[in-house]
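Raw structure_15.txt, compact mmCIF, C-alpha atoms and all ligand atoms:
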```
# COMPACT_ATOMS: atom_id res chain seq x y z
CA MET Y 14 -10.30 -60.38 -123.62
CA GLY Y 15 -12.65 -59.89 -124.38
CA GLY Y 16 -15.10 -59.86 -126.46
CA ASP Y 17 -18.27 -58.44 -125.48
CA GLY Y 18 -20.30 -61.56 -126.01
CA GLU Y 19 -18.21 -63.47 -123.53
CA ARG Y 20 -19.95 -64.25 -120.29
CA THR Y 21 -18.27 -64.89 -117.00
CA VAL Y 22 -19.25 -67.92 -115.00
CA LEU Y 23 -18.39 -68.05 -111.33
CA THR Y 24 -18.37 -71.35 -109.51
CA LEU Y 25 -19.04 -71.57 -105.82
CA LYS Y 26 -17.85 -74.71 -104.18
CA ALA Y 27 -19.33 -75.60 -100.83
CA LYS Y 28 -19.11 -78.64 -98.65
CA ILE Y 29 -22.47 -80.24 -98.02
CA TYR Y 30 -23.58 -82.64 -95.32
CA PRO Y 31 -26.21 -85.12 -96.48
CA ASP Y 32 -27.72 -87.53 -93.91
CA SER Y 33 -27.46 -91.26 -94.47
CA GLU Y 34 -30.68 -91.48 -96.44
CA GLN Y 35 -29.59 -88.61 -98.65
CA GLU Y 36 -26.21 -90.28 -99.09
CA ARG Y 37 -28.03 -93.29 -100.52
CA ALA Y 38 -30.02 -91.05 -102.84
CA ILE Y 39 -26.83 -89.34 -104.04
CA ALA Y 40 -25.21 -92.74 -104.58
CA ALA Y 41 -28.18 -93.79 -106.73
CA CYS Y 42 -27.94 -90.57 -108.73
CA ILE Y 43 -24.21 -91.01 -109.33
CA GLU Y 44 -24.66 -94.62 -110.39
CA GLY Y 45 -27.59 -93.80 -112.69
CA TYR Y 46 -25.63 -90.90 -114.13
CA ARG Y 47 -22.65 -93.13 -114.77
CA ARG Y 48 -24.72 -95.69 -116.64
CA ALA Y 49 -26.57 -93.05 -118.64
CA TYR Y 50 -23.23 -91.45 -119.57
CA ASN Y 51 -21.80 -94.77 -120.73
CA TYR Y 52 -24.87 -95.52 -122.83
CA MET Y 53 -24.63 -92.11 -124.44
CA VAL Y 54 -20.96 -92.54 -125.26
CA LEU Y 55 -21.89 -95.82 -126.87
CA TYR Y 56 -24.73 -94.17 -128.79
CA CYS Y 57 -22.30 -91.53 -130.03
CA SER Y 58 -19.86 -94.13 -131.34
CA PHE Y 59 -22.65 -95.99 -133.12
CA SER Y 60 -23.84 -92.79 -134.68
CA LEU Y 61 -20.30 -92.02 -135.77
CA ARG Y 62 -19.85 -95.49 -137.24
CA ASP Y 63 -23.19 -95.65 -139.05
CA PHE Y 64 -23.78 -92.05 -140.07
CA GLY Y 65 -20.33 -90.54 -139.86
CA ARG Y 66 -21.37 -87.84 -137.42
CA LEU Y 67 -22.01 -87.27 -133.74
CA PRO Y 68 -25.66 -87.04 -132.70
CA SER Y 69 -27.06 -83.64 -131.83
CA PHE Y 70 -27.74 -82.75 -128.23
CA ALA Y 71 -31.49 -83.01 -128.84
CA GLU Y 72 -31.06 -86.44 -130.36
CA LEU Y 73 -29.08 -87.63 -127.33
CA CYS Y 74 -31.80 -86.29 -125.06
CA ARG Y 75 -34.41 -88.26 -126.99
CA PHE Y 76 -32.21 -91.31 -126.60
CA SER Y 77 -32.02 -90.66 -122.87
CA THR Y 78 -35.82 -90.79 -122.58
CA LEU Y 79 -35.71 -94.13 -124.31
CA ILE Y 80 -33.18 -95.68 -121.96
CA TRP Y 81 -34.98 -94.15 -118.99
CA LYS Y 82 -38.08 -96.12 -119.97
CA ARG Y 83 -36.22 -99.33 -120.72
CA LEU Y 84 -33.60 -99.58 -118.01
CA PRO Y 85 -34.61 -99.72 -114.36
CA SER Y 86 -30.95 -99.46 -113.34
CA ILE Y 87 -30.77 -95.77 -114.20
CA ARG Y 88 -34.14 -94.86 -112.82
CA GLY Y 89 -32.68 -94.10 -109.40
CA MET Y 90 -31.18 -90.88 -110.72
CA TYR Y 91 -32.74 -87.48 -111.10
CA ASN Y 92 -34.33 -87.42 -114.52
CA ASN Y 93 -33.09 -84.03 -115.75
CA SER Y 94 -29.51 -84.97 -114.88
CA MET Y 95 -29.58 -87.06 -118.02
CA HIS Y 96 -29.36 -83.89 -120.05
CA ASP Y 97 -26.22 -83.03 -118.14
CA ALA Y 98 -24.86 -86.51 -118.86
CA ALA Y 99 -25.68 -85.99 -122.55
CA ARG Y 100 -23.81 -82.69 -122.58
CA ARG Y 101 -20.81 -84.21 -120.87
CA ALA Y 102 -20.74 -87.23 -123.18
CA LEU Y 103 -20.84 -84.99 -126.23
CA THR Y 104 -18.12 -82.70 -124.89
CA ALA Y 105 -15.91 -85.65 -124.03
CA TYR Y 106 -16.46 -87.20 -127.43
CA ARG Y 107 -15.66 -84.00 -129.28
CA ALA Y 108 -12.47 -83.59 -127.28
CA CYS Y 109 -11.44 -87.14 -128.15
CA ILE Y 110 -12.07 -86.60 -131.84
CA GLU Y 111 -10.10 -83.39 -131.78
CA ARG Y 112 -7.11 -85.22 -130.34
CA GLY Y 113 -7.61 -88.24 -132.58
CA ARG Y 114 -8.13 -90.58 -129.69
CA GLY Y 115 -11.14 -92.71 -130.54
CA ARG Y 116 -13.92 -92.63 -128.03
CA PRO Y 117 -13.90 -91.48 -124.42
CA ARG Y 118 -13.50 -94.10 -121.75
CA PHE Y 119 -16.53 -95.63 -120.15
CA LYS Y 120 -16.84 -94.49 -116.57
CA SER Y 121 -16.08 -97.16 -114.01
CA VAL Y 122 -17.82 -97.24 -110.63
CA ARG Y 123 -14.68 -95.86 -109.09
CA ALA Y 124 -14.25 -93.07 -111.62
CA ALA Y 125 -17.86 -91.90 -111.27
CA ARG Y 126 -17.80 -89.21 -108.65
CA SER Y 127 -20.37 -86.64 -109.59
CA TYR Y 128 -23.59 -85.79 -111.33
CA GLY Y 129 -25.18 -82.52 -112.35
CA TYR Y 130 -28.37 -80.53 -112.19
CA PRO Y 131 -28.37 -78.67 -115.50
CA LYS Y 132 -31.18 -76.16 -114.91
CA PRO Y 133 -31.98 -73.61 -112.21
CA GLN Y 134 -35.34 -75.27 -111.56
CA ASP Y 135 -33.69 -78.60 -110.68
CA PHE Y 136 -32.44 -77.30 -107.37
CA ARG Y 137 -32.88 -74.47 -104.90
CA LEU Y 138 -30.07 -72.64 -103.18
CA GLU Y 139 -30.72 -70.54 -100.11
CA ARG Y 140 -28.77 -69.12 -97.22
CA LYS Y 141 -29.82 -69.72 -93.67
CA GLY Y 142 -27.86 -68.16 -90.80
CA GLY Y 143 -24.69 -67.82 -92.85
CA ARG Y 144 -24.87 -71.40 -94.04
CA ILE Y 145 -26.12 -72.40 -97.41
CA ARG Y 146 -28.90 -74.89 -97.84
CA LEU Y 147 -29.57 -76.79 -101.03
CA ARG Y 148 -32.74 -78.47 -102.08
CA LEU Y 149 -31.71 -81.03 -104.66
CA GLY Y 150 -33.99 -83.03 -106.93
CA LYS Y 151 -34.37 -86.64 -105.76
CA VAL Y 152 -32.18 -85.97 -102.70
CA GLY Y 153 -34.01 -83.37 -100.66
CA ARG Y 154 -32.85 -80.55 -98.47
CA VAL Y 155 -29.13 -80.74 -97.67
CA ARG Y 156 -27.20 -78.73 -95.14
CA GLY Y 157 -24.17 -76.84 -96.49
CA SER Y 158 -21.10 -75.07 -95.17
CA ARG Y 159 -20.75 -71.44 -94.21
CA GLN Y 160 -20.22 -69.17 -97.19
CA GLU Y 161 -19.86 -65.60 -98.26
CA PRO Y 162 -22.93 -63.93 -99.76
CA LEU Y 163 -24.09 -65.57 -102.94
CA PRO Y 164 -22.99 -63.64 -106.03
CA GLY Y 165 -26.28 -63.93 -107.91
CA ASP Y 166 -28.85 -66.34 -109.24
CA PRO Y 167 -27.57 -69.91 -109.57
CA ARG Y 168 -27.63 -71.62 -112.95
CA THR Y 169 -26.40 -75.17 -112.53
CA CYS Y 170 -25.29 -77.41 -109.71
CA THR Y 171 -22.92 -80.35 -109.66
CA VAL Y 172 -22.77 -82.70 -106.71
CA VAL Y 173 -19.36 -84.24 -106.14
CA ARG Y 174 -18.63 -87.18 -103.88
CA LYS Y 175 -15.05 -87.64 -102.80
CA ASP Y 176 -13.88 -90.98 -101.49
CA MET Y 177 -11.92 -90.37 -98.30
CA GLY Y 178 -11.31 -94.05 -97.49
CA THR Y 179 -13.51 -94.55 -94.45
CA HIS Y 180 -16.20 -92.13 -95.53
CA TYR Y 181 -17.22 -89.77 -98.31
CA ASP Y 182 -16.96 -85.99 -98.45
CA TYR Y 183 -19.61 -84.20 -100.45
CA TYR Y 184 -19.37 -80.90 -102.31
CA ALA Y 185 -21.80 -78.85 -104.31
CA CYS Y 186 -20.40 -76.74 -107.13
CA VAL Y 187 -22.95 -74.11 -108.05
CA THR Y 188 -22.37 -71.89 -111.08
CA PHE Y 189 -23.52 -68.31 -111.39
CA ASP Y 190 -23.82 -66.53 -114.69
CA MET Y 191 -22.40 -63.08 -114.09
CA GLY Y 192 -23.22 -61.78 -117.56
CA ALA Y 193 -20.95 -60.12 -120.05
CA GLY Y 194 -20.30 -56.92 -118.13
CA TYR Y 195 -18.92 -58.65 -115.06
CA GLY Y 196 -15.40 -58.02 -113.94
CA ARG Y 197 -14.82 -54.36 -114.54
CA GLY Y 198 -13.32 -53.84 -111.16
CA GLU Y 199 -16.41 -53.26 -109.06
CA GLU Y 200 -15.24 -55.22 -106.07
CA TRP Y 201 -11.57 -54.31 -106.43
CA PRO Y 202 -10.27 -50.98 -105.24
CA GLU Y 203 -8.96 -48.43 -107.71
CA ARG Y 204 -5.18 -48.49 -107.96
CA ASP Y 205 -2.77 -46.27 -109.75
CA VAL Y 206 -2.39 -47.77 -113.22
CA SER Y 207 0.86 -45.87 -113.59
CA SER Y 208 2.51 -48.15 -111.02
CA PRO Y 209 2.37 -51.75 -112.19
CA VAL Y 210 4.25 -54.48 -110.38
CA GLY Y 211 6.80 -56.89 -111.86
CA ILE Y 212 6.50 -60.47 -110.72
CA ASP Y 213 9.19 -63.11 -110.87
CA LEU Y 214 7.96 -66.66 -110.36
CA GLY Y 215 10.34 -69.30 -109.16
CA VAL Y 216 10.97 -72.23 -106.93
CA SER Y 217 12.61 -71.05 -103.75
CA HIS Y 218 10.49 -67.95 -103.68
CA VAL Y 219 7.32 -68.88 -105.48
CA ALA Y 220 6.88 -65.21 -106.25
CA ALA Y 221 8.94 -62.07 -105.81
CA PHE Y 222 7.41 -58.64 -106.44
CA SER Y 223 9.36 -55.69 -107.72
CA ASP Y 224 8.23 -53.77 -104.62
CA GLY Y 225 10.29 -56.17 -102.53
CA ALA Y 226 7.65 -58.60 -101.31
CA VAL Y 227 8.64 -62.26 -101.48
CA TYR Y 228 6.59 -65.40 -100.95
CA ASP Y 229 8.32 -68.55 -99.80
CA ASN Y 230 7.65 -71.95 -101.24
CA PRO Y 231 5.42 -73.78 -98.72
CA LYS Y 232 7.18 -77.00 -99.77
CA GLY Y 233 4.23 -79.06 -98.60
CA PHE Y 234 5.10 -82.27 -100.35
CA SER Y 235 8.86 -81.97 -100.12
CA ARG Y 236 8.68 -81.27 -96.40
CA ASP Y 237 6.29 -84.10 -95.63
CA LEU Y 238 7.85 -86.52 -98.07
CA LYS Y 239 8.72 -89.03 -95.35
CA ARG Y 240 5.15 -88.94 -94.10
CA PHE Y 241 3.69 -89.50 -97.55
CA GLU Y 242 6.10 -92.36 -98.15
CA ARG Y 243 5.07 -93.93 -94.88
CA LEU Y 244 1.37 -93.57 -95.65
CA HIS Y 245 1.78 -95.07 -99.09
CA ARG Y 246 3.78 -97.95 -97.66
CA ARG Y 247 1.15 -98.59 -95.00
CA LEU Y 248 -1.52 -98.73 -97.72
CA SER Y 249 0.42 -101.22 -99.80
CA GLU Y 250 1.02 -103.40 -96.76
CA THR Y 251 -2.64 -103.78 -95.87
CA LEU Y 252 -5.17 -106.09 -97.45
CA PRO Y 253 -7.83 -104.45 -99.65
CA GLY Y 254 -11.29 -104.76 -98.22
CA THR Y 255 -10.19 -104.75 -94.60
CA ARG Y 256 -10.79 -102.03 -92.06
CA ALA Y 257 -7.08 -101.33 -91.85
CA TYR Y 258 -6.98 -100.75 -95.60
CA ASP Y 259 -9.83 -98.25 -95.48
CA LYS Y 260 -8.13 -96.47 -92.62
CA ALA Y 261 -4.86 -96.25 -94.50
CA ARG Y 262 -6.70 -94.90 -97.52
CA SER Y 263 -8.42 -92.35 -95.35
CA ARG Y 264 -5.14 -91.15 -93.83
CA LEU Y 265 -3.58 -90.76 -97.24
CA ALA Y 266 -6.61 -88.98 -98.72
CA HIS Y 267 -6.62 -86.51 -95.83
CA ALA Y 268 -2.89 -85.89 -96.12
CA TYR Y 269 -3.29 -85.04 -99.81
CA GLU Y 270 -6.25 -82.85 -99.04
CA ARG Y 271 -4.24 -80.85 -96.53
CA LEU Y 272 -1.47 -80.51 -99.10
CA THR Y 273 -3.89 -79.23 -101.74
CA ASN Y 274 -5.39 -76.76 -99.30
CA LYS Y 275 -1.97 -75.47 -98.35
CA ARG Y 276 -1.02 -74.89 -101.97
CA LYS Y 277 -4.33 -73.32 -102.76
CA GLN Y 278 -4.08 -70.91 -99.88
CA MET Y 279 -0.64 -69.81 -101.06
CA VAL Y 280 -1.92 -69.31 -104.60
CA GLU Y 281 -4.85 -67.22 -103.40
CA GLN Y 282 -2.57 -65.13 -101.21
CA VAL Y 283 -0.03 -64.33 -103.92
CA SER Y 284 -2.59 -63.62 -106.63
CA HIS Y 285 -4.70 -61.50 -104.31
CA ASP Y 286 -1.74 -59.37 -103.25
CA ALA Y 287 -0.57 -58.98 -106.84
CA VAL Y 288 -3.93 -57.72 -108.04
CA PHE Y 289 -5.30 -56.01 -104.95
CA LEU Y 290 -2.27 -53.84 -104.27
CA HIS Y 291 -1.19 -52.90 -107.78
CA GLY Y 292 -2.57 -51.16 -110.82
CA GLY Y 293 -1.10 -53.55 -113.36
CA ILE Y 294 1.03 -56.64 -113.65
CA VAL Y 295 4.11 -57.58 -115.64
CA MET Y 296 5.10 -61.25 -115.74
CA GLU Y 297 7.49 -63.43 -117.66
CA ASP Y 298 6.30 -65.00 -120.86
CA LEU Y 299 7.46 -68.44 -119.97
CA SER Y 300 5.48 -71.59 -119.88
CA VAL Y 301 5.69 -73.52 -116.65
CA GLN Y 302 6.27 -76.59 -118.73
CA GLN Y 303 9.43 -74.96 -120.09
CA LEU Y 304 10.48 -74.02 -116.59
CA ARG Y 305 9.96 -77.52 -115.31
CA SER Y 306 11.79 -79.12 -118.18
CA ILE Y 307 14.95 -77.38 -117.02
CA SER Y 308 14.86 -79.22 -113.73
CA MET Y 309 16.22 -82.70 -113.87
CA SER Y 310 16.22 -84.10 -110.37
CA ARG Y 311 13.20 -85.51 -108.59
CA ARG Y 312 13.84 -83.20 -105.71
CA MET Y 313 13.53 -80.18 -107.99
CA SER Y 314 10.43 -81.59 -109.64
CA ARG Y 315 8.79 -81.91 -106.24
CA LEU Y 316 9.70 -78.33 -105.41
CA TYR Y 317 8.19 -77.18 -108.69
CA ALA Y 318 5.00 -79.03 -107.90
CA ASP Y 319 4.93 -77.44 -104.45
CA ALA Y 320 5.36 -74.01 -105.99
CA SER Y 321 2.17 -74.46 -108.08
CA LEU Y 322 3.49 -71.93 -110.59
CA GLY Y 323 0.91 -72.73 -113.23
CA MET Y 324 -1.87 -72.17 -110.73
CA ILE Y 325 -0.39 -68.87 -109.59
CA ARG Y 326 -0.13 -67.54 -113.13
CA ALA Y 327 -3.64 -68.61 -114.03
CA ARG Y 328 -5.06 -67.15 -110.84
CA ILE Y 329 -3.25 -63.83 -111.29
CA ALA Y 330 -4.53 -63.55 -114.86
CA ASP Y 331 -8.02 -64.41 -113.64
CA LYS Y 332 -8.12 -61.91 -110.84
CA ALA Y 333 -6.48 -59.26 -112.99
CA GLN Y 334 -9.28 -59.63 -115.46
CA SER Y 335 -12.03 -59.34 -112.92
CA ALA Y 336 -10.32 -56.29 -111.44
CA GLY Y 337 -9.82 -54.74 -114.87
CA ARG Y 338 -6.02 -54.68 -114.47
CA SER Y 339 -3.60 -55.10 -117.32
CA VAL Y 340 -1.28 -58.08 -117.63
CA VAL Y 341 1.83 -57.69 -119.77
CA LEU Y 342 4.09 -60.61 -120.58
CA VAL Y 343 7.75 -60.02 -121.34
CA ASP Y 344 10.72 -62.00 -122.54
CA PRO Y 345 12.35 -63.42 -119.41
CA ARG Y 346 15.84 -63.90 -120.84
CA GLY Y 347 18.55 -62.52 -118.61
CA THR Y 348 16.21 -60.96 -116.09
CA SER Y 349 17.84 -62.74 -113.19
CA GLN Y 350 21.39 -61.81 -114.26
CA LEU Y 351 21.14 -58.15 -115.20
CA CYS Y 352 21.45 -55.50 -112.54
CA SER Y 353 18.12 -53.73 -112.24
CA ARG Y 354 19.78 -50.41 -111.36
CA CYS Y 355 22.69 -50.04 -113.76
CA GLY Y 356 22.09 -52.85 -116.27
CA LEU Y 357 25.40 -54.64 -115.74
CA TYR Y 358 25.40 -58.32 -116.54
CA VAL Y 359 26.19 -60.08 -113.26
CA GLU Y 360 26.48 -63.78 -113.91
CA LYS Y 361 25.34 -65.98 -111.05
CA GLY Y 362 24.42 -69.62 -110.63
CA LEU Y 363 21.05 -70.84 -109.39
CA SER Y 364 22.35 -71.29 -105.87
CA VAL Y 365 23.37 -67.66 -105.50
CA ARG Y 366 20.40 -66.13 -103.76
CA ARG Y 367 21.50 -62.51 -103.66
CA HIS Y 368 22.23 -60.02 -106.39
CA GLU Y 369 25.34 -58.01 -105.64
CA CYS Y 370 26.40 -55.54 -108.28
CA PRO Y 371 30.13 -54.73 -108.41
CA ARG Y 372 29.51 -51.54 -110.40
CA CYS Y 373 26.68 -49.70 -108.65
CA GLY Y 374 26.75 -51.64 -105.39
CA LEU Y 375 23.13 -52.73 -105.47
CA ARG Y 376 22.57 -55.57 -103.03
CA ILE Y 377 19.15 -57.15 -103.03
CA ASP Y 378 17.44 -60.50 -103.20
CA ARG Y 379 18.07 -62.22 -106.49
CA ASP Y 380 14.38 -62.75 -107.28
CA VAL Y 381 13.41 -59.19 -106.38
CA ASN Y 382 16.11 -57.98 -108.76
CA ALA Y 383 14.61 -60.19 -111.47
CA ALA Y 384 11.14 -58.84 -110.72
CA MET Y 385 12.44 -55.28 -111.10
CA ASN Y 386 13.97 -56.17 -114.45
CA ILE Y 387 10.70 -57.70 -115.55
CA LEU Y 388 8.85 -54.57 -114.54
CA GLU Y 389 11.37 -52.44 -116.41
CA ARG Y 390 11.01 -54.55 -119.50
CA GLY Y 391 7.23 -54.37 -119.34
CA SER Y 392 7.31 -50.59 -119.04
CA ALA Y 393 9.85 -50.16 -121.83
CA ARG Y 394 7.95 -52.36 -124.15
CA ASP Y 395 4.67 -50.69 -123.57
CA PRO Y 396 4.89 -47.02 -122.72
CA GLY Y 397 1.20 -47.11 -121.83
CA PRO Y 398 0.75 -47.45 -118.12
CA VAL Y 399 4.04 -45.81 -117.21
CA ARG Y 400 4.68 -42.87 -119.50
CA GLY Y 401 2.10 -42.62 -122.20
CA PRO Y 402 -0.79 -40.41 -121.16
CA ASN Y 403 -2.80 -41.31 -124.24
CA ARG Y 404 -3.34 -44.94 -123.46
CA PRO Y 405 -6.60 -46.13 -122.00
CA ALA Y 406 -6.25 -47.35 -118.41
CA GLY Y 407 -7.42 -50.93 -118.83
CA ARG Y 408 -5.61 -52.86 -121.51
CA HIS Y 409 -8.59 -55.03 -122.27
CA GLY Y 410 -10.28 -52.81 -124.77
CA PRO Y 411 -9.21 -52.49 -128.36
CA ALA Y 412 -5.93 -50.68 -128.89
CA ASP Y 413 -6.16 -46.95 -129.08
CA PRO Y 414 -6.88 -46.21 -132.76
CA ALA Y 415 -5.21 -42.81 -132.61
CA GLN Y 416 -2.01 -44.39 -131.43
CA LYS Y 417 -2.21 -47.01 -134.11
CA ALA Y 418 -2.68 -44.36 -136.74
CA ALA Y 419 0.35 -42.57 -135.43
CA GLY Y 420 2.24 -45.73 -136.20
CA ARG Y 421 4.04 -45.89 -132.89
CA LEU Y 422 5.26 -49.41 -132.32
CA PRO Y 423 2.36 -50.99 -134.11
CA ASP Y 424 3.92 -54.43 -134.21
CA LEU Y 425 4.68 -54.39 -130.50
CA TYR Y 426 1.12 -53.46 -129.80
CA HIS Y 427 0.05 -56.38 -131.79
CA LYS Y 428 2.47 -58.63 -129.98
CA ILE Y 429 1.37 -57.58 -126.54
CA GLN Y 430 -2.24 -58.09 -127.37
CA GLU Y 431 -1.44 -61.49 -128.68
CA LEU Y 432 0.38 -62.36 -125.49
CA GLU Y 433 -2.46 -61.06 -123.40
CA LEU Y 434 -4.85 -63.21 -125.30
CA LYS Y 435 -2.63 -66.18 -124.78
CA ILE Y 436 -2.50 -65.83 -121.06
CA THR Y 437 -6.12 -65.06 -120.55
CA ARG Y 438 -7.59 -67.54 -122.91
CA GLY Y 439 -9.00 -70.51 -121.14
CA ASN Y 440 -9.19 -68.75 -117.84
CA THR Y 441 -11.84 -66.27 -118.67
CA ARG Y 442 -14.80 -68.52 -119.00
CA ARG Y 443 -14.77 -70.53 -115.84
CA ARG Y 444 -13.38 -69.31 -112.64
CA SER Y 445 -13.55 -70.83 -109.25
CA TYR Y 446 -14.98 -68.81 -106.48
CA SER Y 447 -14.71 -69.96 -102.95
CA ALA Y 448 -14.74 -68.17 -99.66
CA ARG Y 449 -11.84 -70.12 -98.29
CA PRO Y 450 -9.36 -72.59 -99.66
CA MET Y 451 -10.93 -75.91 -100.34
CA THR Y 452 -9.93 -79.17 -101.86
CA THR Y 453 -9.62 -79.77 -105.50
CA ILE Y 454 -11.51 -82.77 -106.50
ZN ZN G 1 24.46 -52.35 -110.85
```
Would you mind writing the structure in this file as structure tokens?
Amino acid sequence: MGGDGERTVLTLKAKIYPDSEQERAIAACIEGYRRAYNYMVLYCSFSLRDFGRLPSFAELCRFSTLIWKRLPSIRGMYNNSMHDAARRALTAYRACIERGRGRPRFKSVRAARSYGYPKPQDFRLERKGGRIRLRLGKVGRVRGSRQEPLPGDPRTCTVVRKDMGTHYDYYACVTFDMGAGYGRGEEWPERDVSSPVGIDLGVSHVAAFSDGAVYDNPKGFSRDLKRFERLHRRLSETLPGTRAYDKARSRLAHAYERLTNKRKQMVEQVSHDAVFLHGGIVMEDLSVQQLRSISMSRRMSRLYADASLGMIRARIADKAQSAGRSVVLVDPRGTSQLCSRCGLYVEKGLSVRRHECPRCGLRIDRDVNAAMNILERGSARDPGPVRGPNRPAGRHGPADPAQKAAGRLPDLYHKIQELELKITRGNTRRRSYSARPMTTI
């Protein structure tokens, strides 16, 4: 995980409260940004057609100066945001080419929800009496929500406007470059690396720890299904453009926001406990997609969505990295059936919630039993944190060369490192940082 050149970017997301004049300025910025983005996508496809290559970033920026001069419709936006639009257009185009999908979509008025300030000098972020205050180019000084201390010097800022039906909610996502050395466990307490925890993820208990802790599925959507159905029905029964329609949209948007917050809070809780309380983590090597594909009914699918398993895994891997804890992934086959004390195969269906061993008499929660098996498997596979005194504490450095030379389980070493890479890749670069659960936008 790391390579040394890799830098960690934290993102702080804060609600902001622009006044009506500032709302108009933000609207102009979003609209200008949208148009600039669309022009740049178009420019990219022309370049591709005529020259067989995408334009460089610098070339797109030169193009942006041109359209800025020619088109009054985009002049309402903050000028430097064009560079952000150029970056986004290029990224989107590259992603499309990679997947063989032609060009990215043009942004519609409805789909345009944000714009960015790409450089630290485009905005100012300060704290006043616990609250943050942002001075944004073209918009002015905007009041923000209460936040934890700022982690460092801000780099970029993205303003997001969320349509809540009757009104808009505004958020500022400010990124902080924490450098390459960040995340070596400074803000996490030292824990005994010789006592990792096994974690079993599932639906009825979203997570069970091998130390016996279990976390119930909040079942937000499944529980409020009737309410969501009613809200959706109300929306479809009202006429677009009327006050009743906006109100119905607002109700629905708020209901979904509460749902998201609920899930997010659960995810933060589980991942925090996993990393804060333990010196290392062993999880199943199982994609959530695979897990979900087992479930057939809509009821089960809803429960899976409520469990947010993908989010939990990603968040645990994230936090484990910043705390310098190891994450080991193991083969999950049979973990829920085997007895964690004596190893007897005790077959049980999904509905059987308790593990009761006829041989050794162990009687515990089914998921806790699975978590203990997972832990056992992780320890057996990698003698490091449990028995081997020669292994380095954090598993993020290169493998111990002495051990490799000794030829002890070299292929397993390789395997584990591969798995570690797999789980951490994609989560290491960008991580969300917020003082309290907030909405996803
Ligand atoms: Zn047993």
If you measure from atom CA of Y:Cys352 to atom CA of Y:Gly225, what distance in Å do you get, rounded to one decimal?
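Going from atom CA of Y:Cys352 over to atom CA of Y:Gly225 covers 15.0 Å.
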Counting all atoms listed in the file, what is within 9 Å of stretch 54-70 of chain Y, bar same-chain residues fewer than 5 positions away, as a VMD selection string?
chain Y and resid 49 75 to 76 96 99 to 100 102 to 103 105 to 107 115 to 119
Can you list every residue of stretch 307-342 of chain Y that has an atom at most 12 Å from stretch 285-297 of chain Y, with its nearest atom pair and the distance in Å to one decimal, using all atoms listed in the file, ordered by chain then number, as a Markdown table?
```
| residue | atom | partner | partner_atom | distance |
| --- | --- | --- | --- | --- |
| Y:Leu322 | CA | Y:Glu297 | CA | 11.8 |
| Y:Ile325 | CA | Y:His285 | CA | 10.0 |
| Y:Arg326 | CA | Y:Met296 | CA | 8.6 |
| Y:Ala327 | CA | Y:Met296 | CA | 11.6 |
| Y:Arg328 | CA | Y:His285 | CA | 8.6 |
| Y:Ile329 | CA | Y:Val288 | CA | 7.0 |
| Y:Ala330 | CA | Y:Ile294 | CA | 9.0 |
| Y:Asp331 | CA | Y:Val288 | CA | 9.6 |
| Y:Lys332 | CA | Y:Val288 | CA | 6.6 |
| Y:Ala333 | CA | Y:Val288 | CA | 5.8 |
| Y:Gln334 | CA | Y:Val288 | CA | 9.3 |
| Y:Ser335 | CA | Y:Val288 | CA | 9.6 |
| Y:Ala336 | CA | Y:Val288 | CA | 7.4 |
| Y:Gly337 | CA | Y:Gly293 | CA | 8.9 |
| Y:Arg338 | CA | Y:Gly293 | CA | 5.2 |
| Y:Ser339 | CA | Y:Gly293 | CA | 4.9 |
| Y:Val340 | CA | Y:Ile294 | CA | 4.8 |
| Y:Val341 | CA | Y:Val295 | CA | 4.7 |
| Y:Leu342 | CA | Y:Met296 | CA | 5.0 |
```
At a cut-off of 9 Å from (-21.8, -75.5, -108.1) in the coordinates of the file, what residues are picked up using all atoms listed in the file, written as a list of chain:residue names?
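Checking each residue against the 9 Å limit leaves Y:Leu23, Y:Thr24, Y:Leu25, Y:Lys26, Y:Ala27, Y:Gly129, Y:Pro167, Y:Arg168, Y:Thr169, Y:Cys170, Y:Thr171, Y:Val172, Y:Tyr184, Y:Ala185, Y:Cys186, Y:Val187, Y:Thr188, Y:Phe189.
If you look at atom CA of Y:Thr104 and atom CA of Y:Lys151, they are 25.4 Å away from each other.
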Taking all atoms listed in the file and a cut-off of 6 Å, can you tell me which residues surround ligand ZN 1 (chain G), written as a ChimeraX atom specification?
/Y:352,354-357,370,372-375
Store the residues picked out above, limited to C-alpha atoms, as a tab-separated table (two decimals), in the coordinates of the input.
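Output contents, as saved in again_19.tsv:
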```
chain	number	residue	atom	x	y	z
Y	352	CYS	CA	21.45	-55.50	-112.54
Y	354	ARG	CA	19.78	-50.41	-111.36
Y	355	CYS	CA	22.69	-50.04	-113.76
Y	356	GLY	CA	22.09	-52.85	-116.27
Y	357	LEU	CA	25.40	-54.64	-115.74
Y	370	CYS	CA	26.40	-55.54	-108.28
Y	372	ARG	CA	29.51	-51.54	-110.40
Y	373	CYS	CA	26.68	-49.70	-108.65
Y	374	GLY	CA	26.75	-51.64	-105.39
Y	375	LEU	CA	23.13	-52.73	-105.47
```
Just to confirm, what's the straight-line distance from atom CA of Y:Asp32 to atom CA of Y:Pro253 in Å (one decimal)?
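For atom CA of Y:Asp32 relative to atom CA of Y:Pro253, the distance reads 26.7 Å.
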Compare Y:Val343, Y:Leu149, Y:Cys42, Y:Ile377 by their minimum atom-to-atom distance to Y:Ala393, counting all atoms listed in the file, and give me the closest one.
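Result for the nearest residue to Y:Ala393: Y:Val343.
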